[in-house]
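Data file: target04.tsv. Format and content: TSV, C-alpha atoms.
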```
chain	number	residue	atom	x	y	z
A	1	MET	CA	9.53	38.30	143.28
A	2	THR	CA	13.20	38.70	144.24
A	3	LYS	CA	14.28	40.05	147.63
A	4	LEU	CA	15.35	43.32	145.95
A	5	GLU	CA	11.96	43.73	144.31
A	6	GLN	CA	10.22	42.99	147.62
A	7	ILE	CA	12.17	45.75	149.37
A	8	LEU	CA	11.49	48.24	146.56
A	9	GLN	CA	7.80	47.30	146.77
A	10	GLN	CA	7.84	48.12	150.52
A	11	VAL	CA	9.39	51.52	149.77
A	12	ARG	CA	6.74	52.11	147.11
A	13	THR	CA	3.97	51.21	149.58
A	14	GLU	CA	5.37	53.58	152.22
A	15	LEU	CA	5.48	56.44	149.73
A	16	GLY	CA	1.95	55.84	148.44
A	17	ALA	CA	0.73	58.32	145.82
A	18	ASP	CA	4.00	60.27	145.93
A	19	PHE	CA	5.99	57.43	144.38
A	20	VAL	CA	7.09	57.96	140.76
A	21	SER	CA	9.99	55.65	139.99
A	22	THR	CA	12.87	53.71	141.52
A	23	ASP	CA	15.80	51.60	140.33
A	24	VAL	CA	18.83	49.87	141.76
A	25	VAL	CA	21.58	50.45	139.21
A	26	GLY	CA	25.12	49.19	138.69
A	27	MET	CA	27.88	51.67	137.90
A	28	ASP	CA	27.73	50.33	134.33
A	29	GLY	CA	24.39	52.16	134.11
A	30	LEU	CA	22.26	49.01	133.97
A	31	SER	CA	19.30	48.64	136.30
A	32	ILE	CA	19.02	45.32	138.19
A	33	ALA	CA	15.61	46.00	139.75
A	34	GLY	CA	13.04	48.74	139.77
A	35	GLY	CA	9.77	50.09	138.47
A	36	SER	CA	7.75	53.20	137.77
A	37	VAL	CA	4.14	54.32	137.92
A	38	VAL	CA	4.64	56.42	134.78
A	39	ALA	CA	3.83	54.25	131.76
A	40	ASP	CA	6.27	55.89	129.33
A	41	PHE	CA	9.07	56.48	131.85
A	42	ASP	CA	12.37	55.43	130.24
A	43	SER	CA	14.04	53.64	133.12
A	44	THR	CA	16.95	52.47	130.93
A	45	ALA	CA	17.81	56.04	129.95
A	46	ALA	CA	17.38	57.31	133.52
A	47	SER	CA	19.69	54.60	134.91
A	48	ALA	CA	22.37	55.26	132.29
A	49	ARG	CA	22.25	59.05	132.69
A	50	PHE	CA	22.31	59.00	136.49
A	51	ALA	CA	25.19	56.51	136.44
A	52	MET	CA	27.14	59.22	134.54
A	53	VAL	CA	26.04	61.83	137.08
A	54	MET	CA	27.12	59.69	140.05
A	55	LYS	CA	30.49	58.88	138.45
A	56	LEU	CA	31.17	62.54	137.80
A	57	ALA	CA	29.91	63.53	141.27
A	58	ALA	CA	32.38	61.09	142.85
A	59	ASN	CA	35.21	62.53	140.70
A	60	VAL	CA	34.25	66.12	141.48
A	61	SER	CA	33.96	65.55	145.22
A	62	ASN	CA	37.33	63.83	145.23
A	63	LYS	CA	38.97	66.68	143.27
A	64	ILE	CA	37.65	69.39	145.58
A	65	GLY	CA	38.59	67.41	148.68
A	66	MET	CA	35.06	66.84	150.02
A	67	GLY	CA	35.40	63.07	150.49
A	68	ALA	CA	33.14	60.29	149.24
A	69	VAL	CA	29.71	61.11	147.81
A	70	GLU	CA	26.72	59.83	149.76
A	71	ASP	CA	23.79	61.12	147.77
A	72	SER	CA	22.59	63.57	145.19
A	73	LEU	CA	19.23	65.34	145.23
A	74	VAL	CA	17.73	67.12	142.23
A	75	THR	CA	14.67	69.26	142.84
A	76	THR	CA	12.70	70.10	139.72
A	77	ASP	CA	9.33	71.81	139.37
A	78	GLN	CA	7.81	68.31	139.00
A	79	ALA	CA	9.78	65.95	141.19
A	80	TYR	CA	12.50	65.18	143.70
A	81	ILE	CA	15.10	62.77	142.30
A	82	ILE	CA	17.38	61.29	144.95
A	83	THR	CA	20.31	59.08	144.05
A	84	ARG	CA	22.51	57.43	146.66
A	85	PHE	CA	25.37	55.01	146.59
A	86	LEU	CA	24.83	51.56	148.10
A	87	GLY	CA	27.45	49.59	150.06
A	88	ASP	CA	30.90	49.85	148.51
A	89	GLY	CA	29.69	52.21	145.79
A	90	SER	CA	29.43	49.62	143.01
A	91	TYR	CA	25.66	50.20	142.86
A	92	PHE	CA	23.39	53.17	143.44
A	93	TRP	CA	19.72	53.54	144.20
A	94	ASP	CA	17.61	56.21	142.56
A	95	LEU	CA	14.17	57.25	143.70
A	96	ALA	CA	11.87	59.84	142.13
A	97	VAL	CA	8.88	61.18	144.03
A	98	THR	CA	6.38	63.95	143.35
A	99	ARG	CA	6.84	67.45	144.76
A	100	ASN	CA	4.00	66.65	147.19
A	101	ALA	CA	6.26	64.20	149.03
A	102	THR	CA	7.81	65.23	152.33
A	103	LEU	CA	11.48	65.46	151.43
A	104	GLY	CA	12.76	64.84	154.98
A	105	MET	CA	10.66	61.68	155.19
A	106	VAL	CA	11.91	60.41	151.82
A	107	ARG	CA	15.54	60.92	152.83
A	108	MET	CA	14.88	59.12	156.13
A	109	LEU	CA	13.22	56.26	154.28
A	110	MET	CA	16.21	55.93	151.98
A	111	ASN	CA	18.57	55.83	154.97
A	112	GLU	CA	16.43	53.07	156.44
A	113	TYR	CA	16.30	50.89	153.33
A	114	ALA	CA	19.73	51.47	151.76
A	115	ASN	CA	21.51	48.78	153.78
A	116	GLN	CA	18.72	46.26	153.19
A	117	LEU	CA	18.98	46.84	149.43
A	118	TRP	CA	22.75	46.48	149.48
A	119	ARG	CA	22.48	43.16	151.35
A	120	ALA	CA	19.81	41.92	148.93
A	121	ILE	CA	21.91	42.43	145.78
A	122	PRO	CA	22.83	38.95	144.49
A	123	ARG	CA	26.58	38.22	144.44
B	1	MET	CA	31.30	51.96	122.92
B	2	ALA	CA	30.45	55.23	121.12
B	3	VAL	CA	28.43	58.22	122.27
B	4	GLN	CA	26.93	60.48	119.60
B	5	GLY	CA	25.11	63.78	119.71
B	6	HIS	CA	24.83	67.38	118.62
B	7	LEU	CA	27.07	70.21	119.78
B	8	SER	CA	23.95	72.30	120.34
B	9	ASP	CA	22.92	69.80	123.09
B	10	MET	CA	26.34	69.55	124.72
B	11	GLY	CA	28.94	72.23	124.05
B	12	LEU	CA	32.45	71.21	123.06
B	13	PRO	CA	34.13	72.63	126.24
B	14	THR	CA	31.84	70.44	128.40
B	15	LEU	CA	32.46	67.43	126.18
B	16	ILE	CA	36.23	67.91	126.44
B	17	GLN	CA	36.07	68.31	130.22
B	18	LEU	CA	33.96	65.16	130.62
B	19	THR	CA	36.24	63.10	128.40
B	20	CYS	CA	39.34	64.32	130.25
B	21	GLN	CA	37.69	63.40	133.57
B	22	GLU	CA	37.41	59.79	132.35
B	23	ALA	CA	41.22	59.76	131.90
B	24	ALA	CA	40.90	57.04	129.22
B	25	GLN	CA	42.01	56.79	125.61
B	26	ALA	CA	39.31	58.16	123.30
B	27	ARG	CA	38.69	59.71	119.89
B	28	LEU	CA	36.25	62.58	119.48
B	29	THR	CA	35.15	63.12	115.89
B	30	LEU	CA	33.49	66.45	115.08
B	31	ARG	CA	31.57	67.27	111.90
B	32	ARG	CA	30.15	70.60	110.77
B	33	ASP	CA	28.85	70.93	107.20
B	34	ASP	CA	31.68	69.47	105.12
B	35	GLN	CA	34.37	70.03	107.77
B	36	GLU	CA	35.70	67.25	109.99
B	37	ALA	CA	38.19	67.20	112.87
B	38	MET	CA	39.35	64.55	115.30
B	39	LEU	CA	40.65	65.03	118.84
B	40	TYR	CA	42.50	62.22	120.62
B	41	PHE	CA	42.57	61.86	124.42
B	42	ASP	CA	44.91	59.93	126.66
B	43	GLN	CA	45.48	59.99	130.44
B	44	GLY	CA	43.10	62.87	131.07
B	45	THR	CA	44.23	65.34	128.41
B	46	ILE	CA	44.16	66.03	124.65
B	47	VAL	CA	47.29	64.62	123.02
B	48	HIS	CA	46.54	64.96	119.30
B	49	ALA	CA	44.15	66.80	116.98
B	50	ILE	CA	43.81	66.65	113.23
B	51	SER	CA	41.62	68.18	110.53
B	52	ALA	CA	41.75	68.13	106.71
B	53	ASP	CA	44.39	70.86	106.49
B	54	GLN	CA	46.27	70.96	109.80
B	55	GLU	CA	47.10	69.19	113.06
B	56	GLY	CA	47.99	70.07	116.65
B	57	LYS	CA	46.68	72.84	118.92
B	58	GLU	CA	45.34	75.02	116.08
B	59	VAL	CA	42.73	72.36	115.29
B	60	VAL	CA	41.45	72.52	118.87
B	61	TYR	CA	41.23	76.33	118.76
B	62	GLN	CA	39.39	76.11	115.46
B	63	VAL	CA	36.74	73.60	116.59
B	64	LEU	CA	36.12	75.44	119.88
B	65	SER	CA	34.29	78.07	117.83
B	66	TRP	CA	31.84	75.46	116.50
B	67	GLU	CA	28.45	75.86	118.14
B	68	GLU	CA	26.64	73.61	115.68
B	69	GLY	CA	27.58	70.20	114.34
B	70	GLU	CA	27.69	66.56	115.32
B	71	PHE	CA	30.07	64.66	117.57
B	72	ARG	CA	30.96	61.01	118.03
B	73	LEU	CA	33.01	59.91	121.05
B	74	GLU	CA	34.65	56.50	120.87
B	75	MET	CA	36.43	55.11	123.91
B	76	GLY	CA	39.51	52.88	123.85
B	77	ILE	CA	41.04	54.28	120.64
B	78	PRO	CA	44.77	55.08	121.02
B	79	PRO	CA	46.17	58.31	119.53
B	80	PRO	CA	47.99	57.74	116.19
B	81	ALA	CA	50.42	60.59	117.04
B	82	ARG	CA	51.20	63.07	119.82
B	83	THR	CA	51.21	66.65	118.60
B	84	ILE	CA	49.90	68.45	121.73
B	85	GLU	CA	51.63	68.83	125.07
B	86	THR	CA	49.60	71.74	126.46
B	87	PRO	CA	47.19	70.76	129.29
B	88	TRP	CA	43.54	70.62	128.15
B	89	SER	CA	42.46	73.43	130.53
B	90	ALA	CA	45.06	75.81	128.99
B	91	LEU	CA	43.87	74.84	125.49
B	92	LEU	CA	40.28	75.69	126.44
B	93	ILE	CA	41.23	79.05	127.93
B	94	GLU	CA	43.37	80.01	124.92
B	95	GLY	CA	40.67	78.87	122.48
B	96	LEU	CA	37.94	80.85	124.23
B	97	GLN	CA	40.18	83.94	124.43
B	98	ARG	CA	40.80	83.73	120.68
B	99	GLN	CA	37.05	83.62	120.08
B	100	ASP	CA	36.62	86.77	122.18
B	101	GLU	CA	39.39	88.54	120.24
B	102	LYS	CA	37.81	87.51	116.94
B	103	ARG	CA	34.47	88.92	118.10
B	104	TRP	CA	36.15	92.26	118.92
B	105	GLU	CA	37.89	92.37	115.54
B	106	THR	CA	34.58	91.97	113.72
B	107	LEU	CA	32.88	94.83	115.62
B	108	GLU	CA	32.46	98.11	113.73
B	109	ALA	CA	33.84	101.29	115.31
B	110	GLY	CA	30.35	102.41	116.37
B	111	GLN	CA	29.62	99.07	117.96
B	112	ILE	CA	32.90	99.27	119.91
B	113	LYS	CA	31.88	102.67	121.26
B	114	GLU	CA	28.56	101.19	122.29
B	115	THR	CA	30.28	98.20	123.86
B	116	ILE	CA	32.72	100.23	125.99
B	117	ASP	CA	30.46	102.26	128.18
B	118	ILE	CA	32.51	103.44	131.18
B	119	GLU	CA	29.45	104.37	133.21
B	120	GLN	CA	28.00	100.96	132.64
B	121	ILE	CA	31.28	99.31	133.66
B	122	GLU	CA	31.37	101.36	136.86
B	123	GLU	CA	27.78	100.46	137.60
B	124	GLU	CA	28.52	96.77	137.04
B	125	TYR	CA	31.55	97.02	139.33
B	126	ASP	CA	29.38	98.51	142.09
B	127	MET	CA	26.83	95.76	141.60
B	128	ALA	CA	29.52	93.08	141.85
B	129	GLU	CA	30.69	94.67	145.11
B	130	ASN	CA	27.08	94.55	146.25
B	131	MET	CA	26.90	90.85	145.39
B	132	ASN	CA	29.95	90.14	147.54
B	133	ASP	CA	28.20	91.94	150.43
B	134	ILE	CA	25.08	89.83	149.94
B	135	LEU	CA	27.17	86.65	149.99
B	136	LYS	CA	28.89	87.81	153.18
B	137	GLU	CA	25.49	88.37	154.78
B	138	LEU	CA	24.34	84.92	153.60
B	139	SER	CA	27.36	83.33	155.31
B	140	GLY	CA	26.06	84.54	158.68
B	141	GLN	CA	22.67	82.85	158.14
B	142	VAL	CA	23.95	79.37	157.33
B	143	PRO	CA	25.23	77.02	160.07
B	144	GLY	CA	28.51	75.27	159.23
B	145	PHE	CA	29.22	77.76	156.45
B	146	ILE	CA	32.32	77.01	154.33
B	147	ALA	CA	31.95	79.11	151.16
B	148	THR	CA	29.47	80.61	148.76
B	149	THR	CA	29.91	81.80	145.19
B	150	VAL	CA	27.97	83.13	142.22
B	151	VAL	CA	29.16	81.29	139.15
B	152	GLY	CA	28.50	81.55	135.43
B	153	MET	CA	27.73	78.45	133.38
B	154	ASP	CA	31.25	78.85	131.95
B	155	GLY	CA	32.55	77.84	135.41
B	156	LEU	CA	33.95	81.26	136.26
B	157	GLY	CA	32.91	82.93	139.52
B	158	ILE	CA	31.74	86.56	139.60
B	159	ALA	CA	31.38	86.93	143.39
B	160	GLU	CA	32.48	84.83	146.34
B	161	TYR	CA	32.81	84.68	150.08
B	162	ALA	CA	34.60	81.97	152.06
B	163	ALA	CA	35.03	81.37	155.78
B	164	GLY	CA	38.64	80.21	155.36
B	165	PRO	CA	41.18	79.12	152.77
B	166	VAL	CA	39.16	77.23	150.14
B	167	ASP	CA	40.03	76.60	146.48
B	168	VAL	CA	36.94	78.42	145.20
B	169	GLU	CA	38.07	78.37	141.55
B	170	SER	CA	38.35	74.62	141.57
B	171	ILE	CA	34.93	74.23	143.27
B	172	ASN	CA	33.37	76.57	140.69
B	173	ALA	CA	34.83	74.71	137.72
B	174	GLN	CA	34.04	71.23	139.01
B	175	MET	CA	30.52	71.99	140.27
B	176	THR	CA	29.60	73.70	136.99
B	177	LEU	CA	30.61	70.60	135.11
B	178	LEU	CA	28.46	68.45	137.39
B	179	TYR	CA	25.50	70.82	137.30
B	180	LYS	CA	25.55	70.89	133.49
B	181	LEU	CA	25.48	67.10	133.38
B	182	VAL	CA	22.58	66.95	135.88
B	183	ASP	CA	20.72	69.60	133.89
B	184	SER	CA	21.21	67.69	130.66
B	185	ALA	CA	20.07	64.38	132.31
B	186	VAL	CA	16.93	66.01	133.72
B	187	ALA	CA	16.13	67.66	130.38
B	188	LYS	CA	16.54	64.41	128.44
B	189	LEU	CA	14.29	62.59	130.91
B	190	LYS	CA	11.71	65.40	130.65
B	191	ALA	CA	11.63	65.58	134.45
B	192	GLY	CA	10.95	69.33	134.59
B	193	VAL	CA	13.08	72.38	135.27
B	194	ILE	CA	15.74	72.15	137.99
B	195	GLU	CA	15.14	74.36	141.02
B	196	ASP	CA	18.11	73.23	143.04
B	197	TYR	CA	20.72	70.49	143.26
B	198	LEU	CA	22.22	69.14	146.48
B	199	LEU	CA	25.28	66.94	146.70
B	200	THR	CA	25.91	65.27	150.06
B	201	THR	CA	29.45	64.07	150.61
B	202	GLU	CA	31.37	62.66	153.57
B	203	LYS	CA	32.57	66.16	154.52
B	204	ALA	CA	30.11	68.68	153.10
B	205	TYR	CA	26.76	69.65	151.70
B	206	LEU	CA	27.03	71.46	148.35
B	207	LEU	CA	23.90	73.20	147.14
B	208	ILE	CA	23.35	74.85	143.76
B	209	ARG	CA	20.43	77.06	142.78
B	210	SER	CA	20.12	78.85	139.44
B	211	LEU	CA	19.64	82.60	139.44
B	212	SER	CA	16.64	83.91	137.51
B	213	ASP	CA	18.34	84.16	134.09
B	214	ARG	CA	19.74	80.59	134.45
B	215	ASN	CA	23.12	81.71	133.10
B	216	TYR	CA	24.47	81.99	136.65
B	217	TYR	CA	23.95	80.00	139.81
B	218	LEU	CA	24.45	80.36	143.53
B	219	ASP	CA	26.60	77.68	145.17
B	220	ILE	CA	26.68	77.20	148.96
B	221	ALA	CA	29.02	74.76	150.74
B	222	THR	CA	28.59	73.85	154.39
B	223	ASP	CA	30.25	71.48	156.76
B	224	ARG	CA	28.52	68.08	156.84
B	225	LYS	CA	28.43	67.88	160.66
B	226	SER	CA	27.01	71.31	161.45
B	227	GLY	CA	25.26	72.11	158.15
B	228	ASN	CA	21.47	71.99	157.90
B	229	VAL	CA	19.92	71.03	154.56
B	230	GLY	CA	16.57	72.73	155.23
B	231	ASN	CA	18.27	75.97	156.23
B	232	MET	CA	20.50	75.87	153.13
B	233	ARG	CA	17.59	75.35	150.77
B	234	LEU	CA	15.57	78.14	152.39
B	235	ASN	CA	18.45	80.62	152.36
B	236	SER	CA	19.47	79.70	148.83
B	237	ARG	CA	15.94	80.54	147.68
B	238	LEU	CA	15.86	83.88	149.51
B	239	TYR	CA	19.35	84.98	148.53
B	240	ALA	CA	19.08	83.78	144.90
B	241	GLU	CA	16.24	86.27	144.46
B	242	ARG	CA	18.32	89.12	145.90
B	243	LEU	CA	21.37	88.16	143.86
B	244	SER	CA	19.30	87.99	140.67
B	245	LYS	CA	18.23	91.59	141.27
B	246	ALA	CA	21.82	92.68	142.01
B	247	MET	CA	23.20	90.91	138.95
B	248	PRO	CA	24.98	93.25	136.49
B	249	LYS	CA	22.96	93.45	133.28
```

Let me see whether you can do it: turn the structure in this file into structure tokens.
Amino acid sequence: MTKLEQILQQVRTELGADFVSTDVVGMDGLSIAGGSVVADFDSTAASARFAMVMKLAANVSNKIGMGAVEDSLVTTDQAYIITRFLGDGSYFWDLAVTRNATLGMVRMLMNEYANQLWRAIPR
Amino acid sequence: MAVQGHLSDMGLPTLIQLTCQEAAQARLTLRRDDQEAMLYFDQGTIVHAISADQEGKEVVYQVLSWEEGEFRLEMGIPPPARTIETPWSALLIEGLQRQDEKRWETLEAGQIKETIDIEQIEEEYDMAENMNDILKELSGQVPGFIATTVVGMDGLGIAEYAAGPVDVESINAQMTLLYKLVDSAVAKLKAGVIEDYLLTTEKAYLLIRSLSDRNYYLDIATDRKSGNVGNMRLNSRLYAERLSKAMPK
């Protein structure tokens, strides 16, 4: 198991039954590590689509003068989907959890692990 | 690399905006029944358009009325000619205005009478005033408040309130574009129906929540240092309900 996978496994353990899916994704839309508890979850499609969202979010924020994007949170009737840039912004981390999860705790957890993930990306 | 899809999934105005944002050379091929048109992009704008019988701006205006059909977007293809100098945003506005005019021309006299109902217009005006009042009240409930708007999915605001000089029009247009992309990503992934969307940037929190008919949304921007995400989400929920009721029908 790679260092990245080990860290994602720790996050998964901390979230317990609320965990749905997670990926560390390059800005080319390709996932370099991740996993999901949902058997038919299309991680490739999710990574590609959220790469487009994060690119556009960065453009939009820049155009309206709000500075660099840190993260993006989508709340649906089924899940929270949080996406945040890692390190210099060449990768992002997405995490989906159920609506039973405590959102504040999930955001805190992502703050805690984001730097570790960035350092663990092979260069 | 090519991206393909149906215009019913992603409207042409959104597709044009997204391609222009990329600021790269690209060719967008559109097909509806036996008609075909091609738009060429370079440096963030449309520089050339061609169909079977014409080229230039008229082709863009013509395809903007297509709600059905297929598209294929290919990146890295240089334009074979340059027949358009008008900025893409002006092309979109002109094209959409022409569609409106066409709609009016096709209305029968009776329908026009039904459409222009002065009392209804006055009532809608009062409601819009009421929406501005609600937004002003909201501003007092949100720490670090910067601005709040009610925006249609066409990117145009119908009510707004800002604490200072803010380019609300630009925020409306850009955030609508982003929200549409998020909505389309969530729908394709079958991840449910969006309740709200929060973007955290270096300087601000930007929160979007759809109003009940989902054709309009409430956007709240707060300062990153003094804003409070929990407070924003709570107030967006409460005020979205009130705004939905005050929405002109």

Check your understanding: For Lys55 in chain A, which residue among B:Thr45, B:Phe71, B:Leu181, B:Glu85 is the nearest when counting only C-alpha atoms?
Key ->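 The answer is B:Leu181, which sits nearest to Lys55 in chain A.
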
Exercise for review: Name all residues at most 7 Å from range 59-74 of chain A (count all atoms listed in the file; drop same-chain ones fewer than 2 positions away) and give them as a list in words.
Suggested key: Lys55, Leu56, Ala57, Thr76, Tyr80, Ile81, Ile82, Thr83, Arg84 and Phe85 of chain A; Ser170, Ile171, Gln174, Ile194, Asp196, Tyr197, Leu198, Leu199, Thr200, Thr201, Glu202, Lys203 and Ala204 of chain B

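With only C-alpha atoms as the basis for measurement, B:Leu18 is the residue among B:Asn215, B:Pro79, B:Leu18, B:Pro143 that approaches chain A most closely.
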
Review point. Do you know which residues are at most 10 Å from range 90-103 of chain A counting only C-alpha atoms, after dropping those on the same chain fewer than 3 positions away, and could you put them as a VMD selection string?
Key: (chain A and resid 8 11 to 12 15 to 36 46 to 47 50 to 51 54 70 to 87 106 to 110 114 117 to 118 121) or (chain B and resid 191 230)

Put those residues in a file: C-alpha atoms, as a PDB file, keeping the file's coordinate frame.
```
ATOM      1  CA  LEU A   8      11.490  48.240 146.560  1.00  0.00           C
ATOM      2  CA  VAL A  11       9.390  51.520 149.770  1.00  0.00           C
ATOM      3  CA  ARG A  12       6.740  52.110 147.110  1.00  0.00           C
ATOM      4  CA  LEU A  15       5.480  56.440 149.730  1.00  0.00           C
ATOM      5  CA  GLY A  16       1.950  55.840 148.440  1.00  0.00           C
ATOM      6  CA  ALA A  17       0.730  58.320 145.820  1.00  0.00           C
ATOM      7  CA  ASP A  18       4.000  60.270 145.930  1.00  0.00           C
ATOM      8  CA  PHE A  19       5.990  57.430 144.380  1.00  0.00           C
ATOM      9  CA  VAL A  20       7.090  57.960 140.760  1.00  0.00           C
ATOM     10  CA  SER A  21       9.990  55.650 139.990  1.00  0.00           C
ATOM     11  CA  THR A  22      12.870  53.710 141.520  1.00  0.00           C
ATOM     12  CA  ASP A  23      15.800  51.600 140.330  1.00  0.00           C
ATOM     13  CA  VAL A  24      18.830  49.870 141.760  1.00  0.00           C
ATOM     14  CA  VAL A  25      21.580  50.450 139.210  1.00  0.00           C
ATOM     15  CA  GLY A  26      25.120  49.190 138.690  1.00  0.00           C
ATOM     16  CA  MET A  27      27.880  51.670 137.900  1.00  0.00           C
ATOM     17  CA  ASP A  28      27.730  50.330 134.330  1.00  0.00           C
ATOM     18  CA  GLY A  29      24.390  52.160 134.110  1.00  0.00           C
ATOM     19  CA  LEU A  30      22.260  49.010 133.970  1.00  0.00           C
ATOM     20  CA  SER A  31      19.300  48.640 136.300  1.00  0.00           C
ATOM     21  CA  ILE A  32      19.020  45.320 138.190  1.00  0.00           C
ATOM     22  CA  ALA A  33      15.610  46.000 139.750  1.00  0.00           C
ATOM     23  CA  GLY A  34      13.040  48.740 139.770  1.00  0.00           C
ATOM     24  CA  GLY A  35       9.770  50.090 138.470  1.00  0.00           C
ATOM     25  CA  SER A  36       7.750  53.200 137.770  1.00  0.00           C
ATOM     26  CA  ALA A  46      17.380  57.310 133.520  1.00  0.00           C
ATOM     27  CA  SER A  47      19.690  54.600 134.910  1.00  0.00           C
ATOM     28  CA  PHE A  50      22.310  59.000 136.490  1.00  0.00           C
ATOM     29  CA  ALA A  51      25.190  56.510 136.440  1.00  0.00           C
ATOM     30  CA  MET A  54      27.120  59.690 140.050  1.00  0.00           C
ATOM     31  CA  GLU A  70      26.720  59.830 149.760  1.00  0.00           C
ATOM     32  CA  ASP A  71      23.790  61.120 147.770  1.00  0.00           C
ATOM     33  CA  SER A  72      22.590  63.570 145.190  1.00  0.00           C
ATOM     34  CA  LEU A  73      19.230  65.340 145.230  1.00  0.00           C
ATOM     35  CA  VAL A  74      17.730  67.120 142.230  1.00  0.00           C
ATOM     36  CA  THR A  75      14.670  69.260 142.840  1.00  0.00           C
ATOM     37  CA  THR A  76      12.700  70.100 139.720  1.00  0.00           C
ATOM     38  CA  ASP A  77       9.330  71.810 139.370  1.00  0.00           C
ATOM     39  CA  GLN A  78       7.810  68.310 139.000  1.00  0.00           C
ATOM     40  CA  ALA A  79       9.780  65.950 141.190  1.00  0.00           C
ATOM     41  CA  TYR A  80      12.500  65.180 143.700  1.00  0.00           C
ATOM     42  CA  ILE A  81      15.100  62.770 142.300  1.00  0.00           C
ATOM     43  CA  ILE A  82      17.380  61.290 144.950  1.00  0.00           C
ATOM     44  CA  THR A  83      20.310  59.080 144.050  1.00  0.00           C
ATOM     45  CA  ARG A  84      22.510  57.430 146.660  1.00  0.00           C
ATOM     46  CA  PHE A  85      25.370  55.010 146.590  1.00  0.00           C
ATOM     47  CA  LEU A  86      24.830  51.560 148.100  1.00  0.00           C
ATOM     48  CA  GLY A  87      27.450  49.590 150.060  1.00  0.00           C
ATOM     49  CA  VAL A 106      11.910  60.410 151.820  1.00  0.00           C
ATOM     50  CA  ARG A 107      15.540  60.920 152.830  1.00  0.00           C
ATOM     51  CA  MET A 108      14.880  59.120 156.130  1.00  0.00           C
ATOM     52  CA  LEU A 109      13.220  56.260 154.280  1.00  0.00           C
ATOM     53  CA  MET A 110      16.210  55.930 151.980  1.00  0.00           C
ATOM     54  CA  ALA A 114      19.730  51.470 151.760  1.00  0.00           C
ATOM     55  CA  LEU A 117      18.980  46.840 149.430  1.00  0.00           C
ATOM     56  CA  TRP A 118      22.750  46.480 149.480  1.00  0.00           C
ATOM     57  CA  ILE A 121      21.910  42.430 145.780  1.00  0.00           C
TER      58      ILE A 121
ATOM     59  CA  ALA B 191      11.630  65.580 134.450  1.00  0.00           C
ATOM     60  CA  GLY B 230      16.570  72.730 155.230  1.00  0.00           C
TER      61      GLY B 230
END
```

Review point. Skipping near chain neighbours, those fewer than 5 positions away, what residues fall within 10 Å of Asp154 in chain B using only C-alpha atoms, listed as number ranges by chain?
Key: B: 13-14, 172-173, 176-177, 180, 215-216

Can you list, as a compact mmCIF listing (two decimals) with C-alpha atoms, in the frame of the given file, every protein, DNA or RNA residue that comes within 12 Å of range 29-44 of chain B when you count only C-alpha atoms, leaving out same-chain residues fewer than 5 positions away?
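After the write, selection.txt holds the following:
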```txt
# COMPACT_ATOMS: atom_id res chain seq x y z
CA ALA B 2 30.45 55.23 121.12
CA VAL B 3 28.43 58.22 122.27
CA GLN B 4 26.93 60.48 119.60
CA GLY B 5 25.11 63.78 119.71
CA HIS B 6 24.83 67.38 118.62
CA LEU B 7 27.07 70.21 119.78
CA SER B 8 23.95 72.30 120.34
CA GLY B 11 28.94 72.23 124.05
CA LEU B 12 32.45 71.21 123.06
CA LEU B 15 32.46 67.43 126.18
CA ILE B 16 36.23 67.91 126.44
CA GLN B 17 36.07 68.31 130.22
CA LEU B 18 33.96 65.16 130.62
CA THR B 19 36.24 63.10 128.40
CA CYS B 20 39.34 64.32 130.25
CA GLN B 21 37.69 63.40 133.57
CA GLU B 22 37.41 59.79 132.35
CA ALA B 23 41.22 59.76 131.90
CA ALA B 24 40.90 57.04 129.22
CA ALA B 49 44.15 66.80 116.98
CA ILE B 50 43.81 66.65 113.23
CA SER B 51 41.62 68.18 110.53
CA ALA B 52 41.75 68.13 106.71
CA ASP B 53 44.39 70.86 106.49
CA GLN B 54 46.27 70.96 109.80
CA GLU B 55 47.10 69.19 113.06
CA GLY B 56 47.99 70.07 116.65
CA LYS B 57 46.68 72.84 118.92
CA GLU B 58 45.34 75.02 116.08
CA VAL B 59 42.73 72.36 115.29
CA VAL B 60 41.45 72.52 118.87
CA TYR B 61 41.23 76.33 118.76
CA GLN B 62 39.39 76.11 115.46
CA VAL B 63 36.74 73.60 116.59
CA LEU B 64 36.12 75.44 119.88
CA SER B 65 34.29 78.07 117.83
CA TRP B 66 31.84 75.46 116.50
CA GLU B 67 28.45 75.86 118.14
CA GLU B 68 26.64 73.61 115.68
CA GLY B 69 27.58 70.20 114.34
CA GLU B 70 27.69 66.56 115.32
CA PHE B 71 30.07 64.66 117.57
CA ARG B 72 30.96 61.01 118.03
CA LEU B 73 33.01 59.91 121.05
CA GLU B 74 34.65 56.50 120.87
CA MET B 75 36.43 55.11 123.91
CA GLY B 76 39.51 52.88 123.85
CA ILE B 77 41.04 54.28 120.64
CA PRO B 78 44.77 55.08 121.02
CA PRO B 79 46.17 58.31 119.53
CA PRO B 80 47.99 57.74 116.19
CA ALA B 81 50.42 60.59 117.04
CA ARG B 82 51.20 63.07 119.82
CA THR B 83 51.21 66.65 118.60
CA ILE B 84 49.90 68.45 121.73
CA GLU B 85 51.63 68.83 125.07
CA THR B 86 49.60 71.74 126.46
CA PRO B 87 47.19 70.76 129.29
CA TRP B 88 43.54 70.62 128.15
CA SER B 89 42.46 73.43 130.53
```

**Study point:** Residues within 12 Å of Gly227 in chain B, all atoms listed in the file, excluding chain neighbours under 4 positions, as a PyMOL selection string
**Key:** chain B and resi 139+141-147+200-201+203-207+220-223+231-233

Exercise for review: Please measure the separation of CA of Arg242 in chain B and CA of Asp183 in chain B, giving the value in Å to one decimal.
Suggested key: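 Going from CA of Arg242 in chain B over to CA of Asp183 in chain B, I get 23.0 Å.
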